[in-house]
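Q: Got a file for you: entry.cif, mmCIF, C-alpha atoms.
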data_model
loop_
_atom_site.group_PDB
_atom_site.id
_atom_site.type_symbol
_atom_site.label_atom_id
_atom_site.label_comp_id
_atom_site.auth_asym_id
_atom_site.auth_seq_id
_atom_site.Cartn_x
_atom_site.Cartn_y
_atom_site.Cartn_z
ATOM 1 C CA MET A 1 8.911 11.922 8.881
ATOM 2 C CA SER A 2 8.210 15.375 7.522
ATOM 3 C CA LEU A 3 7.059 16.080 4.000
ATOM 4 C CA SER A 4 9.630 17.080 1.420
ATOM 5 C CA ASP A 5 8.759 19.323 -1.517
ATOM 6 C CA LYS A 6 8.776 16.188 -3.640
ATOM 7 C CA ASP A 7 6.233 14.516 -1.327
ATOM 8 C CA LYS A 8 3.970 17.556 -1.421
ATOM 9 C CA ALA A 9 4.144 17.755 -5.205
ATOM 10 C CA ALA A 10 3.372 14.038 -5.566
ATOM 11 C CA VAL A 11 0.373 14.250 -3.234
ATOM 12 C CA LYS A 12 -1.004 17.354 -4.961
ATOM 13 C CA ALA A 13 -0.580 15.781 -8.403
ATOM 14 C CA LEU A 14 -2.340 12.561 -7.405
ATOM 15 C CA TRP A 15 -5.119 14.452 -5.653
ATOM 16 C CA ALA A 16 -5.716 16.648 -8.689
ATOM 17 C CA LYS A 17 -6.195 13.499 -10.724
ATOM 18 C CA ALA A 18 -8.309 11.780 -8.071
ATOM 19 C CA GLU A 19 -10.504 14.755 -7.194
ATOM 20 C CA GLY A 20 -13.372 13.769 -9.479
ATOM 21 C CA LYS A 21 -13.652 10.363 -7.821
ATOM 22 C CA ALA A 22 -12.775 11.489 -4.312
ATOM 23 C CA ALA A 23 -16.273 11.111 -2.839
ATOM 24 C CA GLU A 24 -16.670 7.605 -4.270
ATOM 25 C CA MET A 25 -13.195 6.587 -3.111
ATOM 26 C CA GLY A 26 -13.893 7.851 0.383
ATOM 27 C CA GLY A 27 -16.983 5.684 0.615
ATOM 28 C CA GLU A 28 -14.963 2.710 -0.612
ATOM 29 C CA ALA A 29 -12.173 3.271 1.895
ATOM 30 C CA LEU A 30 -14.521 3.661 4.841
ATOM 31 C CA GLY A 31 -16.594 0.655 3.751
ATOM 32 C CA ARG A 32 -13.508 -1.503 3.450
ATOM 33 C CA MET A 33 -12.217 -0.392 6.829
ATOM 34 C CA LEU A 34 -15.463 -1.444 8.494
ATOM 35 C CA VAL A 35 -15.272 -4.889 6.840
ATOM 36 C CA SER A 36 -11.557 -5.609 7.340
ATOM 37 C CA TYR A 37 -11.231 -4.051 10.792
ATOM 38 C CA PRO A 38 -14.506 -4.799 12.559
ATOM 39 C CA GLN A 39 -13.309 -3.109 15.753
ATOM 40 C CA THR A 40 -13.780 0.221 13.955
ATOM 41 C CA LYS A 41 -17.519 -0.432 13.766
ATOM 42 C CA THR A 42 -17.753 0.457 17.445
ATOM 43 C CA TYR A 43 -17.670 4.132 16.484
ATOM 44 C CA PHE A 44 -20.606 3.856 14.125
ATOM 45 C CA SER A 45 -23.062 1.529 15.844
ATOM 46 C CA HIS A 46 -25.744 4.209 15.736
ATOM 47 C CA TRP A 47 -25.837 4.005 11.940
ATOM 48 C CA GLY A 48 -27.420 0.585 11.666
ATOM 49 C CA ASP A 49 -26.280 -0.622 8.261
ATOM 50 C CA LEU A 50 -22.478 -0.605 8.204
ATOM 51 C CA SER A 51 -22.044 -2.483 4.954
ATOM 52 C CA PRO A 52 -19.990 -0.895 2.143
ATOM 53 C CA GLN A 53 -23.308 -0.295 0.282
ATOM 54 C CA SER A 54 -24.811 1.726 3.122
ATOM 55 C CA ALA A 55 -25.754 5.267 2.142
ATOM 56 C CA LYS A 56 -24.459 6.608 5.467
ATOM 57 C CA VAL A 57 -21.092 4.909 4.979
ATOM 58 C CA LYS A 58 -20.736 6.287 1.458
ATOM 59 C CA LYS A 59 -21.764 9.771 2.542
ATOM 60 C CA HIS A 60 -19.371 9.834 5.468
ATOM 61 C CA GLY A 61 -16.544 8.506 3.322
ATOM 62 C CA ALA A 62 -17.159 11.462 1.011
ATOM 63 C CA VAL A 63 -16.985 13.854 3.981
ATOM 64 C CA ILE A 64 -13.639 12.363 5.035
ATOM 65 C CA MET A 65 -12.167 12.691 1.543
ATOM 66 C CA GLY A 66 -13.396 16.272 1.371
ATOM 67 C CA ALA A 67 -11.486 17.020 4.563
ATOM 68 C CA LEU A 68 -8.418 15.303 3.122
ATOM 69 C CA GLY A 69 -8.751 17.471 0.033
ATOM 70 C CA LYS A 70 -8.605 20.533 2.295
ATOM 71 C CA ALA A 71 -5.571 19.014 3.994
ATOM 72 C CA VAL A 72 -3.876 18.685 0.591
ATOM 73 C CA LYS A 73 -4.548 22.379 -0.094
ATOM 74 C CA GLY A 74 -3.196 23.272 3.349
ATOM 75 C CA ILE A 75 -0.324 20.811 3.145
ATOM 76 C CA ASP A 76 2.210 23.403 4.292
ATOM 77 C CA ASP A 77 0.472 23.775 7.625
ATOM 78 C CA LEU A 78 -1.409 20.595 8.461
ATOM 79 C CA THR A 79 -1.606 21.363 12.180
ATOM 80 C CA GLY A 80 -3.312 24.689 11.495
ATOM 81 C CA THR A 81 -5.494 23.375 8.683
ATOM 82 C CA LEU A 82 -6.727 20.456 10.787
ATOM 83 C CA ALA A 83 -6.944 22.195 14.189
ATOM 84 C CA ALA A 84 -10.741 22.267 14.335
ATOM 85 C CA LEU A 85 -10.980 18.655 13.152
ATOM 86 C CA SER A 86 -8.436 17.659 15.769
ATOM 87 C CA GLU A 87 -10.602 19.193 18.472
ATOM 88 C CA LEU A 88 -13.635 17.390 17.092
ATOM 89 C CA HIS A 89 -11.890 14.001 17.113
ATOM 90 C CA ALA A 90 -10.253 14.574 20.499
ATOM 91 C CA PHE A 91 -13.126 15.909 22.527
ATOM 92 C CA LYS A 92 -16.351 15.039 20.793
ATOM 93 C CA LEU A 93 -15.762 11.874 18.784
ATOM 94 C CA ARG A 94 -12.962 10.585 21.017
ATOM 95 C CA VAL A 95 -11.672 8.257 18.320
ATOM 96 C CA ASP A 96 -8.635 6.278 19.438
ATOM 97 C CA PRO A 97 -5.882 7.791 17.261
ATOM 98 C CA ALA A 98 -4.602 4.287 16.416
ATOM 99 C CA ASN A 99 -7.544 4.148 14.024
ATOM 100 C CA PHE A 100 -6.157 6.937 11.829
ATOM 101 C CA LYS A 101 -3.495 4.500 10.666
ATOM 102 C CA ILE A 102 -6.128 1.877 9.892
ATOM 103 C CA LEU A 103 -8.207 4.248 7.770
ATOM 104 C CA GLY A 104 -4.986 5.482 6.155
ATOM 105 C CA HIS A 105 -4.176 1.957 4.992
ATOM 106 C CA ASN A 106 -7.572 1.662 3.354
ATOM 107 C CA ILE A 107 -7.221 5.038 1.639
ATOM 108 C CA VAL A 108 -3.833 3.937 0.271
ATOM 109 C CA LEU A 109 -5.370 0.696 -0.969
ATOM 110 C CA VAL A 110 -8.278 2.442 -2.700
ATOM 111 C CA LEU A 111 -5.908 4.940 -4.360
ATOM 112 C CA ALA A 112 -3.852 1.980 -5.638
ATOM 113 C CA MET A 113 -7.030 0.327 -6.926
ATOM 114 C CA TYR A 114 -8.291 3.415 -8.758
ATOM 115 C CA PHE A 115 -4.972 4.714 -10.067
ATOM 116 C CA PRO A 116 -2.629 1.724 -10.330
ATOM 117 C CA ALA A 117 -0.420 3.290 -12.993
ATOM 118 C CA ASP A 118 0.018 6.468 -10.954
ATOM 119 C CA PHE A 119 0.506 4.711 -7.632
ATOM 120 C CA THR A 120 4.184 4.024 -8.157
ATOM 121 C CA PRO A 121 6.290 3.110 -5.113
ATOM 122 C CA GLU A 122 7.473 6.739 -4.898
ATOM 123 C CA VAL A 123 3.946 8.110 -4.945
ATOM 124 C CA HIS A 124 2.923 5.414 -2.448
ATOM 125 C CA LEU A 125 5.710 6.650 -0.165
ATOM 126 C CA SER A 126 4.634 10.289 -0.397
ATOM 127 C CA VAL A 127 0.962 9.489 0.185
ATOM 128 C CA GLU A 128 1.778 7.354 3.217
ATOM 129 C CA LYS A 129 3.928 10.108 4.676
ATOM 130 C CA PHE A 130 1.156 12.624 3.998
ATOM 131 C CA LEU A 131 -1.461 10.462 5.740
ATOM 132 C CA GLN A 132 0.900 9.909 8.648
ATOM 133 C CA ASN A 133 1.316 13.674 8.999
ATOM 134 C CA VAL A 134 -2.456 14.139 8.752
ATOM 135 C CA ALA A 135 -2.877 11.584 11.554
ATOM 136 C CA LEU A 136 -0.347 13.460 13.643
ATOM 137 C CA ALA A 137 -2.125 16.782 13.068
ATOM 138 C CA LEU A 138 -5.460 15.155 13.924
ATOM 139 C CA SER A 139 -3.968 13.813 17.159
ATOM 140 C CA GLU A 140 -2.596 17.231 18.149
ATOM 141 C CA LYS A 141 -5.334 18.212 20.632
ATOM 142 C CA TYR A 142 -5.762 14.832 22.290
ATOM 143 C CA ARG A 143 -3.558 15.392 25.327
ATOM 144 C CA MET B 144 -4.432 -22.165 14.912
ATOM 145 C CA VAL B 145 -6.432 -20.241 12.341
ATOM 146 C CA LYS B 146 -9.684 -21.773 11.166
ATOM 147 C CA TRP B 147 -10.664 -21.191 7.543
ATOM 148 C CA THR B 148 -14.184 -21.496 6.145
ATOM 149 C CA GLU B 149 -14.678 -22.985 2.679
ATOM 150 C CA GLU B 150 -15.581 -19.530 1.429
ATOM 151 C CA GLU B 151 -12.343 -18.051 2.797
ATOM 152 C CA ARG B 152 -10.257 -20.807 1.220
ATOM 153 C CA ARG B 153 -11.965 -20.185 -2.096
ATOM 154 C CA ILE B 154 -11.321 -16.446 -1.856
ATOM 155 C CA ILE B 155 -7.659 -16.799 -0.892
ATOM 156 C CA ARG B 156 -6.975 -19.270 -3.699
ATOM 157 C CA GLY B 157 -8.892 -17.017 -6.075
ATOM 158 C CA VAL B 158 -6.649 -14.056 -5.271
ATOM 159 C CA TRP B 159 -3.489 -16.168 -5.454
ATOM 160 C CA GLU B 160 -4.441 -17.607 -8.861
ATOM 161 C CA LYS B 161 -4.294 -14.096 -10.270
ATOM 162 C CA VAL B 162 -0.838 -13.378 -8.880
ATOM 163 C CA ASP B 163 1.942 -13.865 -11.415
ATOM 164 C CA ILE B 164 4.840 -14.736 -9.106
ATOM 165 C CA ASP B 165 7.424 -13.522 -11.630
ATOM 166 C CA GLU B 166 5.682 -10.226 -12.315
ATOM 167 C CA ILE B 167 4.727 -9.347 -8.749
ATOM 168 C CA GLY B 168 7.919 -10.842 -7.326
ATOM 169 C CA GLU B 169 9.987 -8.464 -9.419
ATOM 170 C CA GLU B 170 8.348 -5.319 -8.022
ATOM 171 C CA LEU B 171 7.710 -6.410 -4.463
ATOM 172 C CA TRP B 172 11.001 -5.513 -2.811
ATOM 173 C CA ALA B 173 11.330 -2.353 -4.876
ATOM 174 C CA ARG B 174 8.082 -1.089 -3.352
ATOM 175 C CA ALA B 175 9.142 -2.166 0.147
ATOM 176 C CA LEU B 176 12.549 -0.476 -0.049
ATOM 177 C CA ILE B 177 11.141 2.715 -1.537
ATOM 178 C CA VAL B 178 8.210 3.049 0.862
ATOM 179 C CA TYR B 179 10.084 1.781 3.962
ATOM 180 C CA PRO B 180 13.718 2.687 3.216
ATOM 181 C CA TRP B 181 15.057 1.606 6.614
ATOM 182 C CA ILE B 182 14.552 -1.978 5.467
ATOM 183 C CA ASP B 183 17.771 -1.592 3.482
ATOM 184 C CA ARG B 184 19.701 -2.409 6.673
ATOM 185 C CA TYR B 185 19.183 -6.078 5.750
ATOM 186 C CA PHE B 186 20.400 -5.737 2.188
ATOM 187 C CA GLY B 187 24.104 -4.997 2.614
ATOM 188 C CA SER B 188 25.087 -7.647 0.090
ATOM 189 C CA PHE B 189 22.613 -6.613 -2.609
ATOM 190 C CA GLY B 190 24.760 -4.036 -4.347
ATOM 191 C CA ASP B 191 23.264 -0.707 -5.338
ATOM 192 C CA ILE B 192 19.949 -0.129 -3.607
ATOM 193 C CA PHE B 193 20.456 3.531 -2.843
ATOM 194 C CA THR B 194 18.443 5.271 -5.530
ATOM 195 C CA THR B 195 14.990 4.554 -6.870
ATOM 196 C CA THR B 196 16.454 3.797 -10.304
ATOM 197 C CA ALA B 197 18.946 1.310 -8.863
ATOM 198 C CA ILE B 198 16.289 -0.318 -6.703
ATOM 199 C CA LEU B 199 13.908 -0.745 -9.626
ATOM 200 C CA LYS B 200 16.438 -2.645 -11.719
ATOM 201 C CA ASN B 201 18.329 -4.592 -9.060
ATOM 202 C CA PRO B 202 18.248 -8.246 -10.130
ATOM 203 C CA LYS B 203 18.933 -9.599 -6.625
ATOM 204 C CA LEU B 204 15.830 -7.834 -5.328
ATOM 205 C CA ALA B 205 13.744 -9.237 -8.162
ATOM 206 C CA ALA B 206 15.045 -12.721 -7.424
ATOM 207 C CA LEU B 207 14.319 -12.378 -3.707
ATOM 208 C CA GLY B 208 10.791 -11.253 -4.506
ATOM 209 C CA LYS B 209 10.166 -14.521 -6.304
ATOM 210 C CA VAL B 210 11.620 -16.456 -3.360
ATOM 211 C CA VAL B 211 9.210 -14.732 -0.968
ATOM 212 C CA LEU B 212 6.202 -15.333 -3.206
ATOM 213 C CA SER B 213 7.157 -18.989 -3.660
ATOM 214 C CA ALA B 214 7.109 -19.302 0.109
ATOM 215 C CA LEU B 215 3.710 -17.607 0.126
ATOM 216 C CA ASP B 216 2.565 -20.147 -2.445
ATOM 217 C CA THR B 217 3.434 -22.870 0.072
ATOM 218 C CA ALA B 218 1.298 -21.083 2.662
ATOM 219 C CA VAL B 219 -1.668 -20.896 0.273
ATOM 220 C CA LYS B 220 -1.353 -24.624 -0.410
ATOM 221 C CA ASN B 221 -1.069 -25.440 3.309
ATOM 222 C CA MET B 222 -3.434 -22.973 4.881
ATOM 223 C CA ASP B 223 -4.201 -25.191 7.858
ATOM 224 C CA ASN B 224 -0.592 -25.653 8.747
ATOM 225 C CA VAL B 225 1.154 -22.352 8.096
ATOM 226 C CA LYS B 226 2.599 -21.991 11.589
ATOM 227 C CA ALA B 227 4.317 -25.371 11.512
ATOM 228 C CA MET B 228 5.439 -24.963 7.892
ATOM 229 C CA TYR B 229 6.966 -21.569 8.570
ATOM 230 C CA ALA B 230 8.702 -22.434 11.860
ATOM 231 C CA PRO B 231 12.107 -23.024 10.207
ATOM 232 C CA LEU B 232 11.712 -19.794 8.168
ATOM 233 C CA SER B 233 10.789 -17.883 11.305
ATOM 234 C CA ARG B 234 13.783 -19.268 13.157
ATOM 235 C CA GLN B 235 16.065 -18.408 10.233
ATOM 236 C CA HIS B 236 14.818 -14.799 10.130
ATOM 237 C CA TYR B 237 15.237 -14.490 13.893
ATOM 238 C CA GLU B 238 18.561 -16.221 14.493
ATOM 239 C CA LYS B 239 20.457 -15.849 11.227
ATOM 240 C CA ILE B 240 19.119 -12.809 9.355
ATOM 241 C CA LYS B 241 18.049 -11.079 12.584
ATOM 242 C CA VAL B 242 15.077 -9.288 11.056
ATOM 243 C CA ASP B 243 12.875 -7.031 13.200
ATOM 244 C CA PRO B 244 9.516 -8.853 12.878
ATOM 245 C CA ASP B 245 7.680 -5.585 12.272
ATOM 246 C CA ASN B 246 9.126 -5.868 8.778
ATOM 247 C CA PHE B 247 6.920 -8.888 8.089
ATOM 248 C CA ARG B 248 3.925 -6.627 8.591
ATOM 249 C CA LEU B 249 5.426 -3.977 6.298
ATOM 250 C CA LEU B 250 6.149 -6.498 3.547
ATOM 251 C CA ALA B 251 2.623 -7.906 3.890
ATOM 252 C CA GLU B 252 1.318 -4.361 3.408
ATOM 253 C CA CYS B 253 3.374 -4.013 0.202
ATOM 254 C CA ILE B 254 2.067 -7.361 -1.057
ATOM 255 C CA THR B 255 -1.534 -6.250 -0.507
ATOM 256 C CA ILE B 256 -1.059 -2.851 -2.168
ATOM 257 C CA THR B 257 0.688 -4.437 -5.172
ATOM 258 C CA ILE B 258 -2.178 -6.909 -5.486
ATOM 259 C CA ALA B 259 -4.673 -4.037 -5.216
ATOM 260 C CA CYS B 260 -2.942 -2.336 -8.177
ATOM 261 C CA LYS B 261 -3.264 -5.558 -10.150
ATOM 262 C CA LEU B 262 -6.707 -6.824 -9.163
ATOM 263 C CA ARG B 263 -8.379 -3.414 -8.632
ATOM 264 C CA ALA B 264 -12.129 -3.779 -8.069
ATOM 265 C CA GLU B 265 -11.818 -7.586 -8.040
ATOM 266 C CA LEU B 266 -10.267 -7.059 -4.627
ATOM 267 C CA ASN B 267 -13.702 -6.162 -3.256
ATOM 268 C CA PRO B 268 -14.148 -5.417 0.463
ATOM 269 C CA GLN B 269 -14.839 -9.045 1.426
ATOM 270 C CA VAL B 270 -11.931 -10.336 -0.651
ATOM 271 C CA GLN B 271 -9.657 -7.680 0.853
ATOM 272 C CA ALA B 272 -10.686 -8.667 4.388
ATOM 273 C CA THR B 273 -10.108 -12.377 3.746
ATOM 274 C CA TRP B 274 -6.792 -11.823 1.976
ATOM 275 C CA GLN B 275 -5.601 -9.623 4.851
ATOM 276 C CA LYS B 276 -6.684 -12.298 7.354
ATOM 277 C CA PHE B 277 -4.548 -14.795 5.460
ATOM 278 C CA LEU B 278 -1.515 -12.506 5.400
ATOM 279 C CA SER B 279 -1.959 -11.824 9.134
ATOM 280 C CA ALA B 280 -1.752 -15.570 9.732
ATOM 281 C CA VAL B 281 1.430 -15.702 7.661
ATOM 282 C CA VAL B 282 2.914 -12.751 9.562
ATOM 283 C CA GLU B 283 1.999 -14.408 12.852
ATOM 284 C CA ALA B 284 3.679 -17.624 11.700
ATOM 285 C CA MET B 285 6.816 -15.658 10.809
ATOM 286 C CA ASN B 286 6.768 -14.163 14.316
ATOM 287 C CA SER B 287 6.260 -17.521 16.020
ATOM 288 C CA GLN B 288 9.890 -18.448 16.684
ATOM 289 C CA TYR B 289 10.933 -15.068 18.024
ATOM 290 C CA LYS B 290 11.456 -16.034 21.624
#
Just give me the structure as structure tokens.
A:
Amino acid sequence: MSLSDKDKAAVKALWAKAEGKAAEMGGEALGRMLVSYPQTKTYFSHWGDLSPQSAKVKKHGAVIMGALGKAVKGIDDLTGTLAALSELHAFKLRVDPANFKILGHNIVLVLAMYFPADFTPEVHLSVEKFLQNVALALSEKYR
Amino acid sequence: MVKWTEEERRIIRGVWEKVDIDEIGEELWARALIVYPWIDRYFGSFGDIFTTTAILKNPKLAALGKVVLSALDTAVKNMDNVKAMYAPLSRQHYEKIKVDPDNFRLLAECITITIACKLRAELNPQVQATWQKFLSAVVEAMNSQYK
């Protein structure tokens, strides 16, 4: 489900608005994922505190949103933009790619929470497609 | 059968109390059809659902949204018995409407996102997790007669 010009515009517009809160939202999304989908905690057991209040969770959430921000800027070539990250996830982190969808859901939810008026069904659609394409690009190097 | 703690029951009822069935019901199917457009295969008799504008003001969709949320209300009030309560609904969706059960998951997703827009930070991580557990039980109940 490739991104239309309309999708790209919608994602860029929402991201421009969300940029200031991106770090905070990332922490929220990651924190919520760890609570709602406890199986995802298996990747972070070395952190100790995996609660949404944990400093490590918040910091890592911010890192993830930063990477997504770069993906938005490189939205015309997600495979290229995310190539290094794909290698990292495939060979070093070895995250089961099914988890990209799970984190994606939580990012969508947090965006809806923070920007309910902007998160119209059409924007929701474009963001979901974008995250799906990000997941695909991140999976590129796996096999 | 799903077991609910007192805390979980309290949380689920707390979320549901804040849901205005008329308000949320009206937008529910619009979001589903816009975000997951292939769902329109089941809506042949609903008239114009082919543009965002048409979808957003289609009265049949609004009415169906309220029907779905009324059914969800039944689930909230009978949390210990959702599977049995929903068996006839599940059978109807399987045998008569012939709905791919993956759509139950998609609609549940739309319900949660719509509620997130409404409740915002009140849908804190623990509330989100519990609410999603409840909807998973409902989705499972809707799947139960597909055999």
Q: Please check the contacts: residues of chain A at most 10 Å away from chain B, using only C-alpha atoms, listed as an mmCIF file with C-alpha atoms, keeping the file's coordinate frame.
A:
data_model
loop_
_atom_site.group_PDB
_atom_site.id
_atom_site.type_symbol
_atom_site.label_atom_id
_atom_site.label_comp_id
_atom_site.auth_asym_id
_atom_site.auth_seq_id
_atom_site.Cartn_x
_atom_site.Cartn_y
_atom_site.Cartn_z
ATOM 1 C CA GLU A 28 -14.963 2.710 -0.612
ATOM 2 C CA ALA A 29 -12.173 3.271 1.895
ATOM 3 C CA GLY A 31 -16.594 0.655 3.751
ATOM 4 C CA ARG A 32 -13.508 -1.503 3.450
ATOM 5 C CA MET A 33 -12.217 -0.392 6.829
ATOM 6 C CA LEU A 34 -15.463 -1.444 8.494
ATOM 7 C CA VAL A 35 -15.272 -4.889 6.840
ATOM 8 C CA SER A 36 -11.557 -5.609 7.340
ATOM 9 C CA TYR A 37 -11.231 -4.051 10.792
ATOM 10 C CA PRO A 38 -14.506 -4.799 12.559
ATOM 11 C CA SER A 51 -22.044 -2.483 4.954
ATOM 12 C CA PRO A 52 -19.990 -0.895 2.143
ATOM 13 C CA HIS A 105 -4.176 1.957 4.992
ATOM 14 C CA ASN A 106 -7.572 1.662 3.354
ATOM 15 C CA VAL A 108 -3.833 3.937 0.271
ATOM 16 C CA LEU A 109 -5.370 0.696 -0.969
ATOM 17 C CA VAL A 110 -8.278 2.442 -2.700
ATOM 18 C CA LEU A 111 -5.908 4.940 -4.360
ATOM 19 C CA ALA A 112 -3.852 1.980 -5.638
ATOM 20 C CA MET A 113 -7.030 0.327 -6.926
ATOM 21 C CA TYR A 114 -8.291 3.415 -8.758
ATOM 22 C CA PHE A 115 -4.972 4.714 -10.067
ATOM 23 C CA PRO A 116 -2.629 1.724 -10.330
ATOM 24 C CA ALA A 117 -0.420 3.290 -12.993
ATOM 25 C CA ASP A 118 0.018 6.468 -10.954
ATOM 26 C CA PHE A 119 0.506 4.711 -7.632
ATOM 27 C CA THR A 120 4.184 4.024 -8.157
ATOM 28 C CA PRO A 121 6.290 3.110 -5.113
ATOM 29 C CA GLU A 122 7.473 6.739 -4.898
ATOM 30 C CA VAL A 123 3.946 8.110 -4.945
ATOM 31 C CA HIS A 124 2.923 5.414 -2.448
ATOM 32 C CA LEU A 125 5.710 6.650 -0.165
ATOM 33 C CA SER A 126 4.634 10.289 -0.397
ATOM 34 C CA VAL A 127 0.962 9.489 0.185
ATOM 35 C CA GLU A 128 1.778 7.354 3.217
ATOM 36 C CA LYS A 129 3.928 10.108 4.676
#
Q: Could you put an axis-aligned box around every listed atom of stretch 92-100 of chain A, padded by 5 Å on each side, and send me its centre and edge lengths in Å to one decimal, as lines of an AutoDock Vina configuration file?
A:
center_x = -10.5
center_y = 9.6
center_z = 16.4
size_x = 21.7
size_y = 20.9
size_z = 19.2
Q: Between atom CA of B:Ile192 and atom CA of B:Pro244, what distance in Å does the model show, to one decimal?
A: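 Those two atoms sit 21.4 Å apart.
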Q: Please provide as a compact mmCIF listing (two decimals) with C-alpha atoms, in the coordinates of the input all residues within 10 Å of B:Gly190, with the sequence filter that same-chain residues fewer than 3 positions apart are discarded (counting only C-alpha atoms).
A:
# COMPACT_ATOMS: atom_id res chain seq x y z
CA PHE B 186 20.40 -5.74 2.19
CA GLY B 187 24.10 -5.00 2.61
CA PHE B 193 20.46 3.53 -2.84
CA ALA B 197 18.95 1.31 -8.86
CA ILE B 198 16.29 -0.32 -6.70
CA ASN B 201 18.33 -4.59 -9.06
CA PRO B 202 18.25 -8.25 -10.13
CA LYS B 203 18.93 -9.60 -6.62
CA LEU B 204 15.83 -7.83 -5.33
Q: Under the PyMOL selection byres ((chain B and resi 221) around 12), which residues of this model are included? Write them out as a list in words.
A: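 For this structure, the PyMOL selection byres ((chain B and resi 221) around 12) resolves to Val145, Trp147, Arg152, Ile155, Arg156, Ala214, Leu215, Asp216, Thr217, Ala218, Val219, Lys220, Met222, Asp223, Asn224, Val225, Lys226, Ala227, Met228, Tyr229, Phe277, Ala280 and Val281 of chain B.
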